[in-house]
file my_file35.txt (compact mmCIF, C-alpha atoms)
# COMPACT_ATOMS: atom_id res chain seq x y z
CA MET W 10 124.40 0.34 -19.90
CA ARG W 11 121.85 1.31 -22.53
CA HIS W 12 122.13 0.98 -26.30
CA PRO W 13 123.42 3.94 -28.29
CA PRO W 14 120.49 6.39 -28.53
CA GLN W 15 120.07 5.73 -32.27
CA ILE W 16 119.43 2.04 -31.62
CA ALA W 17 117.16 2.76 -28.65
CA GLU W 18 115.17 5.18 -30.82
CA LEU W 19 114.80 2.60 -33.60
CA ILE W 20 113.61 -0.03 -31.10
CA ASP W 21 111.09 2.46 -29.67
CA ARG W 22 109.80 3.31 -33.14
CA LEU W 23 109.55 -0.32 -34.21
CA ALA W 24 107.78 -1.23 -30.96
CA GLY W 25 105.11 1.33 -31.95
CA LEU W 26 104.11 -0.84 -34.92
CA PRO W 27 101.25 -3.28 -34.46
CA GLY W 28 102.14 -6.82 -33.47
CA LEU W 29 105.65 -5.88 -32.33
CA GLY W 30 106.47 -6.02 -28.64
CA ARG W 31 109.74 -4.69 -27.22
CA LYS W 32 111.43 -8.04 -27.60
CA SER W 33 110.60 -8.54 -31.25
CA ALA W 34 111.32 -4.86 -31.93
CA THR W 35 114.79 -5.37 -30.45
CA ARG W 36 115.34 -8.48 -32.55
CA LEU W 37 114.18 -6.63 -35.66
CA ALA W 38 116.46 -3.67 -34.89
CA LEU W 39 119.46 -6.01 -34.60
CA HIS W 40 118.51 -7.59 -37.90
CA ILE W 41 118.25 -4.15 -39.50
CA LEU W 42 121.72 -3.27 -38.19
CA LYS W 43 123.07 -6.31 -40.03
CA LYS W 44 121.24 -5.59 -43.29
CA PRO W 45 123.06 -3.86 -46.17
CA GLU W 46 122.86 -0.08 -45.91
CA ASP W 47 121.11 0.39 -49.27
CA GLU W 48 118.26 -1.94 -48.28
CA VAL W 49 117.62 -0.11 -45.02
CA LEU W 50 117.80 3.31 -46.67
CA ALA W 51 115.35 2.04 -49.31
CA LEU W 52 112.93 1.06 -46.54
CA ALA W 53 113.35 4.50 -44.95
CA ARG W 54 112.66 6.14 -48.33
CA ALA W 55 109.60 3.93 -48.89
CA LEU W 56 108.17 4.97 -45.52
CA ARG W 57 108.73 8.63 -46.34
CA ALA W 58 107.24 8.24 -49.82
CA VAL W 59 103.93 6.74 -48.69
CA LYS W 60 103.45 9.59 -46.26
CA GLU W 61 104.50 12.35 -48.64
CA GLU W 62 103.06 11.11 -51.93
CA ILE W 63 100.02 8.99 -51.09
CA ARG W 64 96.66 10.75 -50.71
CA PHE W 65 93.02 9.70 -50.87
CA CYS W 66 91.32 9.56 -54.26
CA SER W 67 88.62 12.24 -54.28
CA VAL W 68 86.27 9.87 -56.12
CA CYS W 69 86.61 6.47 -54.43
CA HIS W 70 88.67 7.48 -51.32
CA ASP W 71 91.17 4.67 -51.81
CA TYR W 72 94.87 5.45 -51.39
CA THR W 73 96.40 6.88 -54.54
CA ASP W 74 99.35 8.86 -55.87
CA SER W 75 97.22 10.64 -58.51
CA ASP W 76 93.73 12.11 -58.27
CA PRO W 77 91.43 10.58 -59.42
CA CYS W 78 93.19 7.28 -58.87
CA ALA W 79 94.30 5.01 -61.70
CA ARG W 80 91.40 2.64 -61.04
CA CYS W 81 88.75 5.37 -61.25
CA ARG W 82 90.30 6.52 -64.56
CA ASP W 83 90.64 3.03 -66.04
CA PRO W 84 88.32 2.72 -69.09
CA ARG W 85 88.61 -1.08 -68.99
CA ARG W 86 86.73 -1.25 -65.70
CA ASP W 87 82.94 -1.25 -65.51
CA HIS W 88 82.04 2.29 -64.46
CA ARG W 89 78.38 1.35 -64.04
CA SER W 90 79.12 -0.73 -60.94
CA VAL W 91 80.31 0.58 -57.55
CA CYS W 92 81.31 -1.69 -54.71
CA VAL W 93 81.06 -0.02 -51.28
CA VAL W 94 83.68 -1.18 -48.77
CA GLU W 95 84.64 -0.04 -45.28
CA SER W 96 88.38 0.42 -45.80
CA PRO W 97 91.24 0.25 -48.31
CA ALA W 98 92.15 -3.09 -46.71
CA ASP W 99 88.68 -4.49 -47.53
CA LEU W 100 89.00 -3.10 -51.05
CA MET W 101 92.23 -5.05 -51.44
CA VAL W 102 90.50 -8.25 -50.35
CA VAL W 103 87.73 -7.87 -52.96
CA GLU W 104 90.26 -6.81 -55.61
CA ALA W 105 92.53 -9.75 -54.82
CA SER W 106 89.64 -12.15 -55.40
CA GLY W 107 89.73 -11.15 -59.06
CA LEU W 108 85.94 -11.54 -59.17
CA TYR W 109 85.00 -7.89 -59.57
CA ARG W 110 85.85 -5.48 -62.39
CA GLY W 111 83.83 -2.41 -61.43
CA LEU W 112 84.77 0.61 -59.30
CA TYR W 113 84.86 1.03 -55.53
CA HIS W 114 83.81 3.46 -52.87
CA VAL W 115 85.65 3.42 -49.54
CA LEU W 116 83.46 4.56 -46.64
CA GLY W 117 86.40 5.05 -44.30
CA GLY W 118 84.73 3.20 -41.43
CA VAL W 119 81.26 2.35 -40.17
CA LEU W 120 78.73 4.21 -38.06
CA ASN W 121 79.52 3.87 -34.38
CA PRO W 122 77.56 6.11 -32.00
CA LEU W 123 79.63 4.88 -29.03
CA LEU W 124 82.82 6.14 -30.68
CA GLY W 125 81.05 9.26 -31.94
CA ILE W 126 81.32 8.22 -35.59
CA GLY W 127 78.28 9.57 -37.43
CA PRO W 128 77.30 9.72 -41.13
CA ASP W 129 79.27 12.95 -41.61
CA ASP W 130 82.47 11.17 -40.59
CA LEU W 131 82.10 8.64 -43.43
CA ASN W 132 82.40 9.16 -47.17
CA ILE W 133 78.63 8.92 -47.69
CA ASP W 134 77.97 12.35 -49.23
CA THR W 135 80.48 11.72 -52.01
CA LEU W 136 78.86 8.31 -52.60
CA MET W 137 75.48 9.99 -53.12
CA LYS W 138 77.04 12.48 -55.55
CA ARG W 139 78.64 9.64 -57.54
CA LEU W 140 75.21 8.06 -57.91
CA ASP W 141 73.65 11.22 -59.36
CA PRO W 142 73.20 11.01 -63.14
CA PRO W 143 76.34 12.39 -64.85
CA GLU W 144 75.90 15.97 -65.99
CA THR W 145 78.06 15.70 -69.10
CA GLU W 146 79.74 12.60 -70.47
CA GLY W 147 80.25 9.35 -68.56
CA GLU W 148 77.97 6.48 -67.71
CA ALA W 149 75.51 6.48 -64.83
CA VAL W 150 76.07 4.01 -62.00
CA ARG W 151 73.51 1.22 -62.24
CA GLU W 152 74.67 -1.28 -59.64
CA LEU W 153 75.73 -0.80 -56.05
CA ILE W 154 77.23 -3.67 -54.06
CA LEU W 155 77.31 -3.14 -50.30
CA ALA W 156 80.39 -5.18 -49.42
CA THR W 157 80.66 -4.25 -45.76
CA GLY W 158 81.34 -6.66 -42.92
CA SER W 159 78.58 -8.25 -40.83
CA SER W 160 79.11 -6.46 -37.52
CA PRO W 161 76.07 -4.66 -36.03
CA GLU W 162 77.80 -1.34 -36.84
CA ALA W 163 78.28 -2.37 -40.48
CA GLU W 164 74.64 -3.47 -40.68
CA ALA W 165 73.52 -0.11 -39.30
CA THR W 166 75.73 1.67 -41.83
CA CYS W 167 74.13 -0.32 -44.66
CA SER W 168 70.64 0.51 -43.39
CA HIS W 169 71.55 4.20 -43.29
CA ILE W 170 72.85 4.10 -46.87
CA LEU W 171 69.81 2.13 -48.05
CA ASP W 172 67.55 4.77 -46.48
CA LYS W 173 69.32 7.53 -48.35
CA LEU W 174 69.09 5.60 -51.62
CA LYS W 175 65.33 5.16 -51.50
CA GLY W 176 63.70 5.97 -54.82
CA ARG W 177 66.90 5.78 -56.86
CA PRO W 178 66.79 3.50 -59.91
CA LEU W 179 69.72 1.33 -58.81
CA GLN W 180 70.29 -2.36 -58.49
CA ILE W 181 71.53 -2.70 -54.91
CA THR W 182 72.93 -5.96 -53.56
CA ARG W 183 74.73 -7.04 -50.41
CA LEU W 184 77.20 -9.84 -49.81
CA ALA W 185 75.44 -13.08 -48.88
CA ARG W 186 75.49 -14.09 -45.22
CA GLY W 187 75.59 -17.72 -44.19
CA LEU W 188 77.89 -20.57 -43.28
CA PRO W 189 81.53 -19.95 -44.12
CA LEU W 190 82.86 -22.71 -46.37
CA GLY W 191 84.46 -25.68 -44.60
CA MET W 192 82.53 -24.99 -41.37
CA ASP W 193 80.98 -27.78 -39.30
CA LEU W 194 77.43 -26.99 -38.26
CA GLU W 195 78.17 -27.67 -34.61
CA TYR W 196 80.62 -24.75 -34.46
CA VAL W 197 78.34 -22.18 -36.08
CA ASP W 198 77.06 -19.39 -33.83
CA ALA W 199 73.30 -18.99 -33.45
CA SER W 200 73.03 -15.70 -35.37
CA THR W 201 74.88 -17.05 -38.39
CA LEU W 202 72.75 -20.21 -38.36
CA LYS W 203 69.58 -18.13 -38.13
CA ARG W 204 70.66 -16.08 -41.13
CA ALA W 205 71.72 -19.18 -43.08
CA LEU W 206 68.29 -20.71 -42.45
CA GLU W 207 66.36 -17.56 -43.36
CA ASP W 208 68.35 -17.10 -46.55
CA ARG W 209 68.26 -20.76 -47.55
CA ARG W 210 68.40 -21.38 -51.28
CA PRO W 211 66.77 -24.02 -53.53
CA ALA W 212 69.02 -27.07 -53.64
CA ARG W 213 68.03 -27.87 -57.25
CA MET D 2 94.71 -3.13 -60.53
CA ARG D 3 97.87 -2.84 -58.47
CA HIS D 4 98.52 -0.50 -55.55
CA PRO D 5 100.18 2.84 -56.24
CA PRO D 6 103.90 2.09 -56.74
CA GLN D 7 104.83 3.80 -53.45
CA ILE D 8 102.62 1.39 -51.50
CA ALA D 9 103.83 -1.62 -53.50
CA GLU D 10 107.43 -0.58 -52.79
CA LEU D 11 106.74 -0.24 -49.07
CA ILE D 12 105.11 -3.69 -48.98
CA ASP D 13 108.11 -5.17 -50.85
CA ARG D 14 110.54 -3.54 -48.44
CA LEU D 15 108.60 -4.62 -45.34
CA ALA D 16 108.31 -8.17 -46.70
CA GLY D 17 112.12 -8.25 -46.76
CA LEU D 18 112.22 -8.05 -42.95
CA PRO D 19 112.43 -11.29 -40.98
CA GLY D 20 109.16 -12.81 -39.82
CA LEU D 21 107.07 -10.75 -42.23
CA GLY D 22 105.36 -12.52 -45.13
CA ARG D 23 103.59 -10.63 -47.92
CA LYS D 24 100.29 -10.73 -46.07
CA SER D 25 101.57 -9.26 -42.82
CA ALA D 26 103.72 -6.79 -44.77
CA THR D 27 100.56 -5.61 -46.55
CA ARG D 28 98.70 -5.29 -43.26
CA LEU D 29 101.60 -3.38 -41.75
CA ALA D 30 101.80 -1.05 -44.77
CA LEU D 31 98.09 -0.23 -44.41
CA HIS D 32 98.63 0.45 -40.73
CA ILE D 33 101.55 2.75 -41.56
CA LEU D 34 99.36 4.64 -44.06
CA LYS D 35 96.91 5.34 -41.24
CA LYS D 36 99.58 6.42 -38.74
CA PRO D 37 100.31 10.15 -38.17
CA GLU D 38 102.89 11.47 -40.61
CA ASP D 39 105.35 12.56 -37.92
CA GLU D 40 105.50 9.05 -36.42
CA VAL D 41 106.23 7.44 -39.77
CA LEU D 42 108.87 10.03 -40.67
CA ALA D 43 110.45 9.46 -37.25
CA LEU D 44 110.69 5.74 -38.02
CA ALA D 45 112.24 6.54 -41.42
CA ARG D 46 114.76 8.84 -39.72
CA ALA D 47 115.56 6.19 -37.09
CA LEU D 48 116.28 3.64 -39.82
CA ARG D 49 118.55 6.09 -41.61
CA ALA D 50 120.31 7.05 -38.36
CA VAL D 51 121.27 3.50 -37.36
CA LYS D 52 122.82 2.94 -40.76
CA GLU D 53 124.60 6.28 -40.97
CA GLU D 54 125.69 6.76 -37.36
CA ILE D 55 126.15 3.32 -35.85
CA ARG D 56 129.52 1.57 -36.23
CA PHE D 57 131.37 -1.20 -34.46
CA CYS D 58 133.43 -0.33 -31.37
CA SER D 59 137.09 -0.96 -32.23
CA VAL D 60 137.66 -2.44 -28.77
CA CYS D 61 134.66 -4.70 -28.05
CA HIS D 62 133.03 -4.78 -31.53
CA ASP D 63 129.56 -4.02 -30.18
CA TYR D 64 127.43 -1.46 -32.01
CA THR D 65 128.23 2.09 -30.98
CA ASP D 66 127.89 5.71 -32.04
CA SER D 67 131.30 6.65 -30.56
CA ASP D 68 134.61 4.82 -30.64
CA PRO D 69 135.52 3.32 -28.21
CA CYS D 70 131.94 2.74 -27.10
CA ALA D 71 130.47 4.23 -23.93
CA ARG D 72 130.71 0.87 -22.16
CA CYS D 73 134.41 0.40 -22.92
CA ARG D 74 135.05 3.93 -21.60
CA ASP D 75 132.91 3.56 -18.47
CA PRO D 76 135.18 3.71 -15.38
CA ARG D 77 132.42 2.22 -13.21
CA ARG D 78 132.66 -1.10 -15.02
CA ASP D 79 135.20 -3.75 -14.11
CA HIS D 80 137.89 -3.47 -16.79
CA ARG D 81 139.66 -6.57 -15.50
CA SER D 82 136.88 -8.86 -16.72
CA VAL D 83 135.98 -9.56 -20.37
CA CYS D 84 132.93 -11.59 -21.38
CA VAL D 85 133.25 -13.11 -24.87
CA VAL D 86 129.96 -13.39 -26.77
CA GLU D 87 129.05 -14.37 -30.32
CA SER D 88 126.95 -11.35 -31.26
CA PRO D 89 125.59 -7.98 -30.08
CA ALA D 90 122.28 -9.78 -29.48
CA ASP D 91 123.97 -12.20 -27.07
CA LEU D 92 125.67 -9.26 -25.38
CA MET D 93 122.27 -7.69 -24.81
CA VAL D 94 121.01 -10.90 -23.17
CA VAL D 95 123.91 -10.99 -20.70
CA GLU D 96 123.65 -7.26 -20.10
CA ALA D 97 119.87 -7.47 -19.53
CA SER D 98 120.44 -10.08 -16.82
CA GLY D 99 122.09 -7.37 -14.72
CA LEU D 100 124.47 -10.02 -13.36
CA TYR D 101 127.65 -8.84 -15.04
CA ARG D 102 129.49 -5.53 -14.65
CA GLY D 103 132.66 -6.14 -16.67
CA LEU D 104 133.42 -5.50 -20.36
CA TYR D 105 132.56 -7.55 -23.43
CA HIS D 106 134.14 -8.82 -26.60
CA VAL D 107 131.89 -9.62 -29.55
CA LEU D 108 133.33 -12.35 -31.78
CA GLY D 109 130.95 -11.60 -34.64
CA GLY D 110 130.04 -15.25 -35.17
CA VAL D 111 131.49 -18.71 -34.62
CA LEU D 112 133.87 -20.88 -36.60
CA ASN D 113 132.03 -22.72 -39.34
CA PRO D 114 134.20 -24.50 -41.93
CA LEU D 115 131.11 -25.46 -43.97
CA LEU D 116 130.21 -21.79 -44.40
CA GLY D 117 133.86 -20.86 -44.87
CA ILE D 118 134.05 -18.92 -41.60
CA GLY D 119 137.57 -19.26 -40.20
CA PRO D 120 139.42 -17.60 -37.29
CA ASP D 121 140.34 -14.60 -39.46
CA ASP D 122 136.65 -13.83 -40.01
CA LEU D 123 136.05 -13.47 -36.27
CA ASN D 124 137.29 -10.77 -33.89
CA ILE D 125 139.87 -13.07 -32.31
CA ASP D 126 143.04 -11.09 -33.08
CA THR D 127 141.68 -8.01 -31.32
CA LEU D 128 140.70 -10.20 -28.35
CA MET D 129 144.30 -11.43 -28.05
CA LYS D 130 145.58 -7.84 -28.21
CA ARG D 131 143.17 -6.80 -25.45
CA LEU D 132 144.58 -9.54 -23.25
CA ASP D 133 148.17 -8.35 -23.66
CA PRO D 134 149.42 -6.45 -20.61
CA PRO D 135 148.70 -2.71 -21.06
CA GLU D 136 151.74 -0.78 -22.28
CA THR D 137 150.95 2.44 -20.44
CA GLU D 138 148.12 3.05 -18.00
CA GLY D 139 145.01 0.86 -17.57
CA GLU D 140 144.44 -2.43 -15.80
CA ALA D 141 145.29 -5.83 -17.25
CA VAL D 142 142.46 -8.23 -17.98
CA ARG D 143 142.44 -11.00 -15.40
CA GLU D 144 139.23 -12.89 -16.11
CA LEU D 145 137.77 -14.13 -19.37
CA ILE D 146 134.25 -15.56 -19.50
CA LEU D 147 133.47 -17.55 -22.65
CA ALA D 148 129.73 -16.92 -22.91
CA THR D 149 129.12 -18.57 -26.26
CA GLY D 150 126.24 -20.86 -27.09
CA SER D 151 126.46 -24.63 -26.90
CA SER D 152 126.35 -25.52 -30.61
CA PRO D 153 129.20 -27.69 -31.95
CA GLU D 154 130.48 -24.62 -33.85
CA ALA D 155 130.50 -22.52 -30.67
CA GLU D 156 132.33 -25.32 -28.82
CA ALA D 157 134.94 -25.46 -31.59
CA THR D 158 135.34 -21.68 -31.40
CA CYS D 159 135.92 -21.88 -27.65
CA SER D 160 138.51 -24.64 -28.12
CA HIS D 161 140.31 -22.51 -30.70
CA ILE D 162 140.38 -19.52 -28.34
CA LEU D 163 141.49 -21.68 -25.41
CA ASP D 164 144.35 -23.00 -27.56
CA LYS D 165 145.51 -19.49 -28.34
CA LEU D 166 145.31 -18.50 -24.67
CA LYS D 167 147.58 -21.30 -23.45
CA GLY D 168 150.19 -20.01 -21.02
CA ARG D 169 148.46 -16.72 -20.30
CA PRO D 170 147.90 -15.93 -16.60
CA LEU D 171 144.14 -15.59 -16.94
CA GLN D 172 141.17 -16.99 -15.09
CA ILE D 173 139.07 -18.46 -17.87
CA THR D 174 135.54 -19.74 -17.28
CA ARG D 175 132.68 -20.92 -19.46
CA LEU D 176 128.94 -20.82 -18.89
CA ALA D 177 127.70 -23.95 -17.10
CA ARG D 178 125.94 -26.56 -19.22
CA GLY D 179 123.13 -28.67 -17.78
CA LEU D 180 119.38 -28.89 -17.37
CA PRO D 181 117.56 -25.66 -18.15
CA LEU D 182 115.44 -24.61 -15.18
CA GLY D 183 111.86 -25.86 -15.16
CA MET D 184 112.71 -28.79 -17.43
CA ASP D 185 111.29 -32.27 -16.83
CA LEU D 186 113.93 -34.95 -17.08
CA GLU D 187 111.91 -36.93 -19.60
CA TYR D 188 112.16 -34.12 -22.15
CA VAL D 189 115.91 -33.59 -21.86
CA ASP D 190 117.98 -34.62 -24.87
CA ALA D 191 120.72 -37.20 -24.34
CA SER D 192 123.68 -34.81 -24.83
CA THR D 193 122.37 -32.34 -22.28
CA LEU D 194 121.69 -35.13 -19.79
CA LYS D 195 125.20 -36.52 -20.36
CA ARG D 196 126.71 -33.10 -19.67
CA ALA D 197 124.48 -32.55 -16.62
CA LEU D 198 125.63 -35.89 -15.21
CA GLU D 199 129.31 -35.30 -15.92
CA ASP D 200 129.19 -31.83 -14.37
CA ARG D 201 127.08 -32.89 -11.37
CA ARG D 202 127.66 -30.80 -8.25
CA PRO D 203 127.65 -31.62 -4.53
CA ALA D 204 124.07 -31.38 -3.24
CA ARG D 205 125.29 -30.17 0.14
call {"tool": "encode", "arguments": {"input": "my_file35.txt", "output": "structure tokens"}}
result
Amino acid sequence: MRHPPQIAELIDRLAGLPGLGRKSATRLALHILKKPEDEVLALARALRAVKEEIRFCSVCHDYTDSDPCARCRDPRRDHRSVCVVESPADLMVVEASGLYRGLYHVLGGVLNPLLGIGPDDLNIDTLMKRLDPPETEGEAVRELILATGSSPEAEATCSHILDKLKGRPLQITRLARGLPLGMDLEYVDASTLKRALEDRRPAR
Amino acid sequence: MRHPPQIAELIDRLAGLPGLGRKSATRLALHILKKPEDEVLALARALRAVKEEIRFCSVCHDYTDSDPCARCRDPRRDHRSVCVVESPADLMVVEASGLYRGLYHVLGGVLNPLLGIGPDDLNIDTLMKRLDPPETEGEAVRELILATGSSPEAEATCSHILDKLKGRPLQITRLARGLPLGMDLEYVDASTLKRALEDRRPAR
């Protein structure tokens, strides 16, 4: 005897979410059945709303409900600085640190020839346009922070962007590479150790 | 800078589900944003459907989209046997075992004086009515299996039901208590060991 089709459908749909196997999807479905109706309908509405109302900002390519997004329009942020990240999730991580008050540019991935992801698949053209001197009002971008990860694909993406930026009067920086804090030396992989040695800093 | 309100609302709603903290709710929301629109809308519809179309069966009190539920109406099942469980989740466990082909009765909880849950809060009255001899057609219930858990509250609930069943010509059984399979004796708690000793069986 199977569940009523509505419950089976909910379990199937929940099992399609990441990190949820059939067993936890079933448990979650039973929990949802016990939840007050208004809470469940609110979740259903929230799911619908993100799909129907959330788009990409045409400037920074982060998720937004208005274009340009509220961040790109915020006069309190430093419009002379752009932080380049791979994804909206990475943007959130930098933003949550509270250490950066400039703007962002979401690449939407990294170069990956094996997966057929080339420069045209990333938001690189719009980055170059943002870095052009403004035609009318607005301040020119002076600083670019390449805040990508440290995978080989991310490194290749950075190299590609750096190539395209040659000759532009920009201060370009990248996130430091080295030992993560709290790490014992004996557990560090050889590539990280090599980079930490090469980039060693005066100890004062 | 906060997320667009639609994303913040989705994260809030997801964080209200069991086993999801704010961090995993945020990760899940970002995953949902990347998913194809039709899949997300299907999940939203499935959530709405379980709340709007699923009710409790008036006979067995399991979730159903028709009343009585398909299981209670199924002539291929043994209508002379009723398995009493605490919850629809427990019903699913017994049903998934494939070892039982009778009907069920969901109590909807166990007696718990501390939480103010008394006999009137459980589906005990309807159980008694089911056990009355049928007035017109249909077979009388002959066997009752008390398949509750082994918490003190579940034991008290079983005692209460057994009291009410006194004098009825029914075969009443309970799930065996003892060592779970694959358990080393040194890890068994004292109460389980006591019960396993008391209920010891001929080794043949």
call {"tool": "closest_residue", "arguments": {"input": "my_file35.txt", "among": "D:His32, D:Met129, D:Tyr64, D:Ile118", "to": "Lys167 in chain D", "atoms": "only C-alpha atoms"}}
result
D:Met129
call {"tool": "interface_residues", "arguments": {"input": "my_file35.txt", "of": "chain W", "to": "chain D", "cutoff": "8 Å", "atoms": "all atoms listed in the file", "output": "PyMOL selection string"}}
result
chain W and resi 10+12-13+15-16+18-19+22-23+26-27+36-37+39-42+46+48-60+62-63+72-74+80+97-98+104
call {"tool": "residues_near_point", "arguments": {"input": "my_file35.txt", "point": "(72.0, 5.2, -50.7)", "cutoff": "12 Å", "atoms": "all atoms listed in the file", "output": "NGL selection string"}}
result
:W and (91 or 93 or 128 or 132-141 or 152-155 or 166-182)
call {"tool": "write_last_selection", "arguments": {"input": "my_file35.txt", "atoms": "C-alpha atoms", "output": "mmCIF file, in the coordinates of the input"}}
result
data_model
loop_
_atom_site.group_PDB
_atom_site.id
_atom_site.type_symbol
_atom_site.label_atom_id
_atom_site.label_comp_id
_atom_site.auth_asym_id
_atom_site.auth_seq_id
_atom_site.Cartn_x
_atom_site.Cartn_y
_atom_site.Cartn_z
ATOM 1 C CA VAL W 91 80.310 0.580 -57.550
ATOM 2 C CA VAL W 93 81.060 -0.020 -51.280
ATOM 3 C CA PRO W 128 77.300 9.720 -41.130
ATOM 4 C CA ASN W 132 82.400 9.160 -47.170
ATOM 5 C CA ILE W 133 78.630 8.920 -47.690
ATOM 6 C CA ASP W 134 77.970 12.350 -49.230
ATOM 7 C CA THR W 135 80.480 11.720 -52.010
ATOM 8 C CA LEU W 136 78.860 8.310 -52.600
ATOM 9 C CA MET W 137 75.480 9.990 -53.120
ATOM 10 C CA LYS W 138 77.040 12.480 -55.550
ATOM 11 C CA ARG W 139 78.640 9.640 -57.540
ATOM 12 C CA LEU W 140 75.210 8.060 -57.910
ATOM 13 C CA ASP W 141 73.650 11.220 -59.360
ATOM 14 C CA GLU W 152 74.670 -1.280 -59.640
ATOM 15 C CA LEU W 153 75.730 -0.800 -56.050
ATOM 16 C CA ILE W 154 77.230 -3.670 -54.060
ATOM 17 C CA LEU W 155 77.310 -3.140 -50.300
ATOM 18 C CA THR W 166 75.730 1.670 -41.830
ATOM 19 C CA CYS W 167 74.130 -0.320 -44.660
ATOM 20 C CA SER W 168 70.640 0.510 -43.390
ATOM 21 C CA HIS W 169 71.550 4.200 -43.290
ATOM 22 C CA ILE W 170 72.850 4.100 -46.870
ATOM 23 C CA LEU W 171 69.810 2.130 -48.050
ATOM 24 C CA ASP W 172 67.550 4.770 -46.480
ATOM 25 C CA LYS W 173 69.320 7.530 -48.350
ATOM 26 C CA LEU W 174 69.090 5.600 -51.620
ATOM 27 C CA LYS W 175 65.330 5.160 -51.500
ATOM 28 C CA GLY W 176 63.700 5.970 -54.820
ATOM 29 C CA ARG W 177 66.900 5.780 -56.860
ATOM 30 C CA PRO W 178 66.790 3.500 -59.910
ATOM 31 C CA LEU W 179 69.720 1.330 -58.810
ATOM 32 C CA GLN W 180 70.290 -2.360 -58.490
ATOM 33 C CA ILE W 181 71.530 -2.700 -54.910
ATOM 34 C CA THR W 182 72.930 -5.960 -53.560
#
call {"tool": "residues_around", "arguments": {"input": "my_file35.txt", "residues": "Glu162 in chain W", "least_positions_apart": "3", "cutoff": "7 Å", "atoms": "only C-alpha atoms", "output": "ChimeraX atom specification"}}
result
/W:119-121,165-166
call {"tool": "atom_distance", "arguments": {"input": "my_file35.txt", "atom1": "CA of Gly118 in chain W", "atom2": "CA of Pro189 in chain W"}}
result
23.5 Å
call {"tool": "closest_residue", "arguments": {"input": "my_file35.txt", "among": "W:Ala34, W:Cys92, W:Leu206, W:Leu108", "to": "Leu194 in chain W", "atoms": "only C-alpha atoms"}}
result
W:Leu206
call {"tool": "atom_distance", "arguments": {"input": "my_file35.txt", "atom1": "CA of Ala205 in chain W", "atom2": "CA of Gly187 in chain W"}}
result
4.3 Å
call {"tool": "closest_residue", "arguments": {"input": "my_file35.txt", "among": "D:Arg196, D:Arg81, D:Arg175, D:Arg201", "to": "Ala141 in chain D", "atoms": "all atoms listed in the file"}}
result
D:Arg81
call {"tool": "atom_distance", "arguments": {"input": "my_file35.txt", "atom1": "CA of Leu184 in chain W", "atom2": "CA of Ala199 in chain W"}}
result
19.1 Å
call {"tool": "closest_residue", "arguments": {"input": "my_file35.txt", "among": "D:Tyr188, D:Arg178, D:Pro203, D:Cys61", "to": "Glu156 in chain D", "atoms": "only C-alpha atoms"}}
result
D:Arg178
call {"tool": "decode", "arguments": {"input": "my_file35.txt", "residues": "range 60-71 of chain D", "atoms": "N, CA and C atoms", "output": "mmCIF file, in the first residue's frame"}}
result
data_model
loop_
_atom_site.group_PDB
_atom_site.id
_atom_site.type_symbol
_atom_site.label_atom_id
_atom_site.label_comp_id
_atom_site.auth_asym_id
_atom_site.auth_seq_id
_atom_site.Cartn_x
_atom_site.Cartn_y
_atom_site.Cartn_z
ATOM 1 N N VAL D 60 -11.500 6.128 9.829
ATOM 2 C CA VAL D 60 -11.459 4.779 10.392
ATOM 3 C C VAL D 60 -10.132 4.528 11.094
ATOM 4 N N CYS D 61 -9.008 4.678 10.353
ATOM 5 C CA CYS D 61 -7.706 4.305 10.922
ATOM 6 C C CYS D 61 -6.888 5.519 11.357
ATOM 7 N N HIS D 62 -7.307 6.728 10.971
ATOM 8 C CA HIS D 62 -6.621 7.968 11.347
ATOM 9 C C HIS D 62 -5.247 8.135 10.713
ATOM 10 N N ASP D 63 -4.948 7.375 9.661
ATOM 11 C CA ASP D 63 -3.739 7.643 8.887
ATOM 12 C C ASP D 63 -4.054 8.792 7.922
ATOM 13 N N TYR D 64 -3.006 9.389 7.352
ATOM 14 C CA TYR D 64 -3.221 10.416 6.336
ATOM 15 C C TYR D 64 -3.860 9.796 5.100
ATOM 16 N N THR D 65 -4.743 10.528 4.474
ATOM 17 C CA THR D 65 -5.418 10.011 3.284
ATOM 18 C C THR D 65 -5.953 11.162 2.444
ATOM 19 N N ASP D 66 -6.206 10.878 1.169
ATOM 20 C CA ASP D 66 -6.880 11.871 0.332
ATOM 21 C C ASP D 66 -8.318 11.440 0.038
ATOM 22 N N SER D 67 -8.761 10.309 0.610
ATOM 23 C CA SER D 67 -10.156 9.876 0.461
ATOM 24 C C SER D 67 -10.558 9.253 1.780
ATOM 25 N N ASP D 68 -11.837 9.280 2.107
ATOM 26 C CA ASP D 68 -12.262 8.800 3.413
ATOM 27 C C ASP D 68 -13.400 7.809 3.258
ATOM 28 N N PRO D 69 -13.284 6.570 3.730
ATOM 29 C CA PRO D 69 -12.114 5.968 4.373
ATOM 30 C C PRO D 69 -10.944 5.836 3.392
ATOM 31 N N CYS D 70 -9.748 5.636 3.936
ATOM 32 C CA CYS D 70 -8.557 5.611 3.089
ATOM 33 C C CYS D 70 -8.524 4.345 2.235
ATOM 34 N N ALA D 71 -7.663 4.378 1.228
ATOM 35 C CA ALA D 71 -7.577 3.259 0.284
ATOM 36 C C ALA D 71 -7.248 1.959 1.003
#
